[in-house]
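K.L.:
For reference, the file final20.txt (compact mmCIF, C-alpha atoms) is included below:
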# COMPACT_ATOMS: atom_id res chain seq x y z
CA MET A 19 -114.60 31.92 39.05
CA LEU A 20 -112.09 32.00 36.25
CA SER A 21 -108.43 32.65 37.05
CA ARG A 22 -106.33 35.24 35.22
CA LYS A 23 -104.65 32.43 33.28
CA GLU A 24 -108.00 30.96 32.28
CA LEU A 25 -109.27 34.33 31.11
CA ASP A 26 -106.18 34.62 28.93
CA ARG A 27 -106.44 31.05 27.66
CA TYR A 28 -110.09 31.37 26.64
CA TYR A 29 -109.94 35.01 25.53
CA ARG A 30 -110.75 34.31 21.87
CA GLN A 31 -113.95 32.51 22.77
CA ILE A 32 -114.91 34.78 25.65
CA ILE A 33 -115.14 37.69 23.19
CA PHE A 34 -117.68 35.73 21.11
CA PRO A 35 -121.00 37.63 21.32
CA ASP A 36 -123.54 36.05 23.69
CA PHE A 37 -120.91 33.72 25.16
CA ASP A 38 -118.59 35.96 27.22
CA VAL A 39 -117.30 35.13 30.71
CA ARG A 40 -120.65 33.70 31.78
CA GLY A 41 -120.55 31.14 28.97
CA GLN A 42 -117.01 30.23 29.89
CA GLU A 43 -117.97 29.76 33.53
CA LYS A 44 -120.82 27.49 32.47
CA LEU A 45 -118.34 25.33 30.60
CA LYS A 46 -116.01 25.26 33.58
CA ASN A 47 -118.84 24.09 35.82
CA SER A 48 -119.90 21.33 33.43
CA HIS A 49 -119.34 17.60 33.40
CA ILE A 50 -119.67 15.61 30.18
CA LEU A 51 -119.12 12.03 29.13
CA ILE A 52 -117.36 11.12 25.89
CA ALA A 53 -118.22 7.52 25.08
CA GLY A 54 -115.41 6.22 22.90
CA VAL A 55 -112.12 7.95 22.18
CA GLY A 56 -111.52 6.76 18.64
CA GLY A 57 -111.92 8.85 15.50
CA LEU A 58 -114.90 10.88 16.69
CA GLY A 59 -113.87 11.06 20.34
CA SER A 60 -110.35 12.20 19.45
CA LEU A 61 -111.77 15.34 17.90
CA SER A 62 -114.57 16.08 20.32
CA SER A 63 -112.37 15.52 23.38
CA THR A 64 -109.59 17.68 21.94
CA TYR A 65 -111.85 20.65 21.21
CA LEU A 66 -113.87 20.32 24.39
CA THR A 67 -110.73 20.11 26.51
CA ARG A 68 -109.25 23.11 24.79
CA ALA A 69 -112.56 24.96 25.18
CA GLY A 70 -112.41 24.51 28.96
CA ILE A 71 -115.12 22.01 29.94
CA GLY A 72 -114.58 21.57 33.69
CA HIS A 73 -114.82 17.78 33.91
CA ILE A 74 -114.67 15.24 31.09
CA THR A 75 -115.14 11.53 31.63
CA LEU A 76 -113.72 9.31 28.90
CA VAL A 77 -114.81 5.73 28.54
CA ASP A 78 -113.29 3.19 26.16
CA ASN A 79 -112.03 -0.38 26.46
CA ASP A 80 -109.69 -0.45 23.47
CA HIS A 81 -105.94 -0.21 23.05
CA VAL A 82 -104.24 1.94 20.43
CA GLU A 83 -103.45 0.07 17.20
CA LEU A 84 -101.41 1.07 14.19
CA SER A 85 -104.52 1.10 12.00
CA ASP A 86 -106.09 3.75 14.29
CA LEU A 87 -103.49 6.36 13.50
CA ASN A 88 -104.98 7.51 10.19
CA ARG A 89 -107.82 9.19 12.09
CA GLN A 90 -107.46 9.02 15.86
CA ILE A 91 -105.45 12.18 16.29
CA LEU A 92 -105.00 11.86 20.05
CA TYR A 93 -102.48 9.08 19.51
CA GLN A 94 -99.01 8.73 18.06
CA ASN A 95 -96.68 5.87 17.22
CA GLU A 96 -95.34 5.61 20.75
CA ASN A 97 -98.88 5.07 22.11
CA ILE A 98 -99.45 1.83 20.18
CA GLY A 99 -100.47 -0.89 22.62
CA GLU A 100 -101.52 1.54 25.38
CA ARG A 101 -105.03 1.87 26.70
CA LYS A 102 -106.73 4.62 24.73
CA VAL A 103 -108.23 6.27 27.80
CA ASP A 104 -104.81 6.46 29.47
CA SER A 105 -103.07 7.94 26.42
CA ALA A 106 -105.97 10.32 25.89
CA HIS A 107 -105.96 11.38 29.54
CA LYS A 108 -102.29 12.30 29.40
CA ARG A 109 -102.54 14.02 26.04
CA LEU A 110 -105.60 16.07 26.96
CA LEU A 111 -104.12 17.25 30.27
CA GLY A 112 -101.11 18.42 28.29
CA MET A 113 -103.47 20.56 26.21
CA ASN A 114 -105.26 22.08 29.18
CA PRO A 115 -104.38 21.46 32.83
CA HIS A 116 -107.49 23.31 34.03
CA VAL A 117 -109.71 20.42 32.93
CA GLU A 118 -110.37 17.38 35.10
CA ILE A 119 -110.24 14.20 33.03
CA THR A 120 -111.59 10.91 34.38
CA PRO A 121 -110.58 7.89 32.29
CA ILE A 122 -112.68 4.73 32.54
CA PHE A 123 -111.27 1.61 30.90
CA GLU A 124 -114.48 -0.37 30.50
CA LYS A 125 -116.83 -1.63 27.86
CA ILE A 126 -120.23 0.02 28.19
CA ARG A 127 -122.76 -2.66 29.02
CA LYS A 128 -126.32 -2.81 30.32
CA GLU A 129 -124.95 -3.56 33.78
CA ASN A 130 -122.69 -0.50 34.06
CA VAL A 131 -124.19 2.09 31.72
CA LEU A 132 -126.19 3.87 34.40
CA SER A 133 -123.22 4.38 36.68
CA ILE A 134 -121.13 5.58 33.72
CA VAL A 135 -123.56 8.28 32.57
CA LYS A 136 -124.57 9.38 36.08
CA GLY A 137 -123.68 13.02 36.69
CA ALA A 138 -122.99 13.89 33.05
CA GLN A 139 -124.86 16.87 31.65
CA VAL A 140 -124.22 15.82 28.06
CA VAL A 141 -123.17 12.48 26.56
CA VAL A 142 -121.11 12.67 23.37
CA ASP A 143 -121.18 9.63 21.10
CA GLY A 144 -117.76 8.47 19.95
CA LEU A 145 -118.64 4.82 19.64
CA ASP A 146 -117.81 2.42 16.87
CA ASN A 147 -120.84 0.15 16.98
CA PHE A 148 -124.60 0.48 16.83
CA GLU A 149 -125.48 -1.76 19.82
CA THR A 150 -123.79 0.49 22.38
CA ARG A 151 -125.15 3.60 20.66
CA PHE A 152 -128.70 2.37 21.07
CA LEU A 153 -127.96 1.41 24.68
CA LEU A 154 -126.62 4.90 25.42
CA ASN A 155 -129.52 6.50 23.56
CA SER A 156 -131.91 4.55 25.72
CA ILE A 157 -130.27 5.37 29.06
CA CYS A 158 -129.91 9.05 28.11
CA VAL A 159 -133.63 9.26 27.34
CA LYS A 160 -134.40 7.58 30.65
CA GLU A 161 -132.02 9.78 32.65
CA ASN A 162 -132.96 12.94 30.75
CA ILE A 163 -129.41 13.60 29.51
CA PRO A 164 -128.87 15.16 26.05
CA PHE A 165 -127.11 12.72 23.73
CA ILE A 166 -125.13 13.87 20.71
CA TYR A 167 -125.13 11.11 18.13
CA GLY A 168 -122.33 11.00 15.59
CA GLY A 169 -121.54 8.28 13.09
CA VAL A 170 -119.35 7.74 10.05
CA ASP A 171 -119.04 5.22 7.25
CA GLY A 172 -116.72 5.67 4.31
CA LEU A 173 -117.01 9.27 3.19
CA ASN A 174 -120.36 9.80 4.88
CA GLY A 175 -121.07 11.22 8.29
CA ALA A 176 -124.12 11.97 10.40
CA ILE A 177 -124.85 13.96 13.53
CA MET A 178 -128.01 14.59 15.54
CA THR A 179 -128.64 16.09 18.96
CA ILE A 180 -131.18 14.23 21.03
CA ILE A 181 -132.95 16.13 23.81
CA PRO A 182 -134.92 13.58 25.83
CA ASN A 183 -138.70 13.97 25.75
CA LYS A 184 -138.42 16.88 23.30
CA THR A 185 -136.85 15.54 20.13
CA PRO A 186 -136.90 12.19 18.35
CA CYS A 187 -134.35 9.75 19.72
CA LEU A 188 -131.99 7.51 17.78
CA THR A 189 -134.43 4.62 17.92
CA CYS A 190 -137.25 6.78 16.50
CA LEU A 191 -135.14 7.35 13.43
CA PHE A 192 -133.40 4.05 12.91
CA LYS A 193 -135.45 1.37 14.62
CA ASN A 194 -136.45 -0.28 11.36
CA THR A 195 -133.11 -0.04 9.64
CA PRO A 196 -130.74 -2.96 9.32
CA THR A 197 -127.78 -2.88 11.67
CA GLU A 198 -125.50 -5.55 10.33
CA LYS A 199 -122.22 -5.74 12.17
CA LYS A 200 -119.08 -5.09 10.18
CA ASP A 201 -115.67 -5.65 11.71
CA PHE A 202 -114.01 -2.82 9.81
CA LEU A 203 -115.68 0.11 8.12
CA PRO A 204 -113.75 2.13 5.57
CA VAL A 205 -112.97 5.61 6.84
CA PHE A 206 -110.71 8.54 6.06
CA GLY A 207 -109.64 10.60 9.06
CA PHE A 208 -111.26 13.82 7.97
CA VAL A 209 -114.80 12.40 8.13
CA PRO A 210 -114.79 11.64 11.89
CA GLY A 211 -112.71 14.83 12.16
CA LEU A 212 -115.60 16.80 10.71
CA ILE A 213 -118.35 15.06 12.64
CA GLY A 214 -116.39 15.04 15.94
CA SER A 215 -115.79 18.78 15.60
CA LEU A 216 -119.50 19.38 15.04
CA GLN A 217 -120.27 17.29 18.11
CA ALA A 218 -117.98 19.58 20.12
CA LEU A 219 -119.90 22.57 18.77
CA GLU A 220 -123.21 21.00 19.75
CA THR A 221 -121.92 20.27 23.26
CA ILE A 222 -120.86 23.86 23.80
CA LYS A 223 -124.18 25.17 22.49
CA LEU A 224 -126.05 23.01 24.98
CA LEU A 225 -123.82 23.72 27.97
CA ALA A 226 -123.54 27.46 27.43
CA ASN A 227 -127.12 27.73 26.17
CA ILE A 228 -126.15 29.68 23.08
CA CYS A 229 -127.20 29.54 19.41
CA THR A 230 -129.38 26.77 18.00
CA PRO A 231 -128.41 23.13 18.45
CA LEU A 232 -129.24 20.41 15.93
CA ALA A 233 -132.05 19.26 18.19
CA GLY A 234 -134.48 17.13 16.21
CA LYS A 235 -132.47 17.59 13.05
CA LEU A 236 -130.26 15.07 11.33
CA LEU A 237 -127.28 16.58 9.56
CA LEU A 238 -125.77 14.32 6.93
CA PHE A 239 -122.52 14.81 5.08
CA ASP A 240 -121.90 13.07 1.78
CA GLY A 241 -118.18 13.20 1.03
CA ILE A 242 -118.71 11.82 -2.46
CA THR A 243 -120.65 14.87 -3.59
CA GLY A 244 -119.45 17.26 -0.88
CA GLU A 245 -123.04 18.03 0.03
CA PHE A 246 -124.65 18.53 3.43
CA LEU A 247 -128.28 17.65 4.01
CA LEU A 248 -130.16 18.97 7.04
CA SER A 249 -133.30 17.01 7.65
CA LYS A 250 -136.01 17.58 10.24
CA THR A 251 -136.78 14.32 11.99
CA ASN A 252 -140.09 13.07 13.35
CA LYS A 253 -140.78 11.59 16.74
CA ASP A 254 -142.23 8.10 16.60
CA ASN A 255 -145.11 7.80 19.04
CA ASP A 256 -144.64 4.03 19.02
CA CYS A 257 -140.91 4.24 19.72
CA PRO A 258 -139.96 1.55 22.27
CA VAL A 259 -137.51 4.00 23.90
CA CYS A 260 -139.30 7.36 24.00
CA GLY A 261 -142.80 6.69 22.63
CA LYS A 262 -146.00 7.61 24.49
CA GLU A 263 -146.47 4.13 25.90
CA LYS A 264 -142.93 4.06 27.18
CA ILE A 265 -143.24 7.43 28.87
CA ARG A 266 -146.61 6.52 30.44
CA GLY A 267 -145.33 3.12 31.53
CA MET B 8 -147.45 9.08 -12.15
CA VAL B 9 -146.89 10.50 -8.69
CA VAL B 10 -144.94 8.26 -6.35
CA LYS B 11 -144.78 9.06 -2.65
CA VAL B 12 -141.47 7.91 -1.23
CA LYS B 13 -141.04 7.30 2.47
CA THR B 14 -137.59 8.14 3.82
CA ASN B 15 -136.04 8.61 7.27
CA PHE B 16 -133.77 11.43 6.10
CA PHE B 17 -135.77 13.58 3.67
CA GLY B 18 -139.40 13.41 4.74
CA GLN B 19 -141.88 11.84 2.28
CA PRO B 20 -141.36 13.55 -1.07
CA GLU B 21 -143.89 13.08 -3.86
CA LEU B 22 -142.10 12.47 -7.14
CA ASP B 23 -143.90 12.97 -10.44
CA ILE B 24 -142.20 10.59 -12.88
CA GLU B 25 -143.28 9.17 -16.22
CA ASN B 26 -143.19 5.35 -16.37
CA PRO B 27 -141.47 5.21 -13.00
CA THR B 28 -138.92 2.58 -12.05
CA LEU B 29 -136.93 2.28 -8.86
CA ARG B 30 -133.89 3.58 -10.74
CA LYS B 31 -135.75 6.73 -11.84
CA ILE B 32 -137.00 7.25 -8.29
CA LEU B 33 -133.48 7.03 -6.88
CA LEU B 34 -132.08 9.35 -9.52
CA GLU B 35 -134.75 11.94 -8.75
CA LEU B 36 -134.21 11.56 -5.03
CA SER B 37 -130.46 11.96 -5.56
CA ASN B 38 -131.13 15.14 -7.56
CA ARG B 39 -133.33 16.57 -4.85
CA THR B 40 -131.12 15.68 -1.88
CA LYS B 41 -127.80 16.14 -3.76
CA PHE B 42 -126.82 12.88 -2.12
CA SER B 43 -125.17 10.01 -3.93
CA ILE B 44 -127.75 7.37 -3.19
CA PHE B 45 -127.06 5.51 -6.41
CA ASP B 46 -123.59 4.50 -7.58
CA HIS B 47 -123.60 4.92 -11.37
CA VAL B 48 -120.17 3.40 -11.79
CA ASN B 49 -121.01 0.10 -10.16
CA ASN B 50 -124.72 0.32 -10.99
CA GLN B 51 -125.75 -0.27 -7.41
CA ILE B 52 -127.16 1.53 -4.40
CA HIS B 53 -124.64 2.90 -1.94
CA GLY B 54 -124.30 0.74 1.16
CA GLU B 55 -125.68 3.39 3.51
CA PHE B 56 -129.10 3.16 1.91
CA LYS B 57 -131.71 0.42 1.70
CA VAL B 58 -134.53 0.46 -0.86
CA TYR B 59 -137.80 -1.37 -0.37
CA LEU B 60 -140.76 -1.82 -2.69
CA ASN B 61 -143.94 -2.77 -0.83
CA GLY B 62 -141.80 -3.86 2.09
CA VAL B 63 -139.50 -6.11 0.05
CA GLU B 64 -135.87 -5.26 -0.59
CA TYR B 65 -135.36 -4.26 -4.23
CA GLU B 66 -132.75 -6.97 -4.83
CA ASP B 67 -135.43 -9.61 -4.39
CA PHE B 68 -137.25 -8.46 -7.52
CA SER B 69 -136.31 -10.04 -10.86
CA TYR B 70 -135.59 -6.66 -12.43
CA GLY B 71 -133.97 -5.23 -9.30
CA ILE B 72 -133.36 -1.54 -9.64
CA ASP B 73 -135.20 -1.48 -12.98
CA THR B 74 -138.44 -2.81 -11.53
CA GLU B 75 -141.38 -0.82 -12.92
CA LEU B 76 -143.75 0.77 -10.44
CA LYS B 77 -147.54 0.56 -10.44
CA GLU B 78 -150.17 2.87 -8.95
CA GLY B 79 -150.27 2.37 -5.18
CA ASP B 80 -146.80 0.85 -4.88
CA LYS B 81 -145.06 1.84 -1.67
CA VAL B 82 -141.41 2.83 -2.02
CA GLU B 83 -139.18 3.31 0.98
CA VAL B 84 -135.59 4.58 0.91
CA THR B 85 -133.91 4.27 4.29
CA LEU B 86 -130.60 5.55 5.55
CA VAL B 87 -129.04 2.95 7.82
CA VAL B 88 -127.49 4.11 11.05
CA LEU B 89 -123.88 5.14 10.44
CA SER B 90 -122.11 3.19 13.12
CA GLY B 91 -118.42 3.89 12.68
CA GLY B 92 -116.52 6.13 15.01
Would you kindly transcribe this structure into structure tokens?
P.N.:
Amino acid sequence: MLSRKELDRYYRQIIFPDFDVRGQEKLKNSHILIAGVGGLGSLSSTYLTRAGIGHITLVDNDHVELSDLNRQILYQNENIGERKVDSAHKRLLGMNPHVEITPIFEKIRKENVLSIVKGAQVVVDGLDNFETRFLLNSICVKENIPFIYGGVDGLNGAIMTIIPNKTPCLTCLFKNTPTEKKDFLPVFGFVPGLIGSLQALETIKLLANICTPLAGKLLLFDGITGEFLLSKTNKDNDCPVCGKEKIRG
Amino acid sequence: MVVKVKTNFFGQPELDIENPTLRKILLELSNRTKFSIFDHVNNQIHGEFKVYLNGVEYEDFSYGIDTELKEGDKVEVTLVVLSGG
């Protein structure tokens, strides 16, 4: 049940057609995981906190650095050197005290990934490397948790919503593509800003069961031309994560 | 000549191009997707894309991006996973 203060706080979204108080209550009763609170996670966590998700778990094992401040809008000069999850926790509670925030200062690994995602209804990708993305993709398929992929590089961004056993997964789409590790990718703040905001939108669509999510569709943004490309993706029956053999086995 | 191009971001478009080369294919694909796959200034493919001809990366061919295509050649343009956050 929403309090009087919550009804006032969320008024401008409660009056959105098809959302109303019931949508807001669904958000309040939801638990999501944001994996990585860097450029993408700064935006998604900000909007999802302000939107009134009941419980948000943040996981990240980095500290705030000066070179993060061009894009990671949760942090300010005085946060340099602090754990990101601790700074984010404090900042997000300041935005909305009705939200429960659980910070986890850990690197996501094979050994702990299951316990980290357990209980989340949606996992939002805010990671900065492909290995952990594929690990999360895999565990989300296995645990039947929707996974909202987001990625940026330079002026380009990508987002796709993965619904386990219904849509292609990240591995279906990218299993044959090179994944060379780069220490530092070029990025302007507005690109993760854009993609992180869209990830927040996708999360709310899924939790409140409104509108049409980008399920099975890859949305690409090319900042050089300013063009968006929405592409239907195909499930790979031989996918080692979600293919027929994997599901049967 | 009609060249079927396999992609992981734009289906498998069939491009009808006279005396096709990899460069012409990429230009046509850029036109269709409105995406800057090819960097005209530096005369190279943008880093987010990989281009293969019959399974071999285009850079391994003597004429690189200007390699001429033959009937039955298999062209693949792949978007790599964007991994920054």
K.L.:
For stretch 58-65 of chain A, work out the shell of residues within 7 Å, counting all atoms listed in the file and skipping chain neighbours fewer than 2 positions away, then give it as a PyMOL selection string.
P.N.:
(chain A and resi 52+54-56+67-69+90-92+110+144+210-211+213-215+217-218) or (chain B and resi 92)
K.L.:
Taking only C-alpha atoms into account, which residues of chain B are within 12 Å of chain A, as a ChimeraX atom specification?
P.N.:
/B:14-19,37-46,53-59,62,64,83-92
K.L.:
I'd like the interatomic distance between atom CA of A:Lys136 and atom CA of A:Leu232, to a tenth of an Å.
P.N.:
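Interatomic distance, atom CA of A:Lys136 to atom CA of A:Leu232: 23.4 Å.
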K.L.:
Nearest to A:Cys260 among A:Thr221, A:Asn162, A:Gln31, A:Thr75, with distances taken over all atoms listed in the file: which residue is it?
P.N.:
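Looking at the shortest contact to A:Cys260, the residue is A:Asn162.
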K.L.:
I'd like the neighbourhood of A:Ala233 as a ChimeraX atom specification, where a residue qualifies if any of its atoms comes within 9 Å (using all atoms listed in the file), though same-chain residues fewer than 6 positions away should be ignored.
P.N.:
/A:178-181,184-186
K.L.:
Take atom CA of A:Ile74 and atom CA of A:Met19 and report the distance between them in Å, one decimal.
P.N.:
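Atom-to-atom, atom CA of A:Ile74 to atom CA of A:Met19, that is 18.5 Å.
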K.L.:
Just want the 7 Å neighbourhood of B:Leu22, counted on all atoms listed in the file, with same-chain residues fewer than 3 positions away dropped. Output as a PDB file with C-alpha atoms, keeping the file's coordinate frame.
P.N.:
ATOM      1  CA  VAL B   9    -146.890  10.500  -8.690  1.00  0.00           C
ATOM      2  CA  VAL B  10    -144.940   8.260  -6.350  1.00  0.00           C
ATOM      3  CA  LYS B  11    -144.780   9.060  -2.650  1.00  0.00           C
TER       4      LYS B  11
END
K.L.:
So how many Å separate atom CA of A:Ile157 and atom CA of A:Asp78, to one decimal?
P.N.:
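Between these atoms lies a distance of 17.4 Å.
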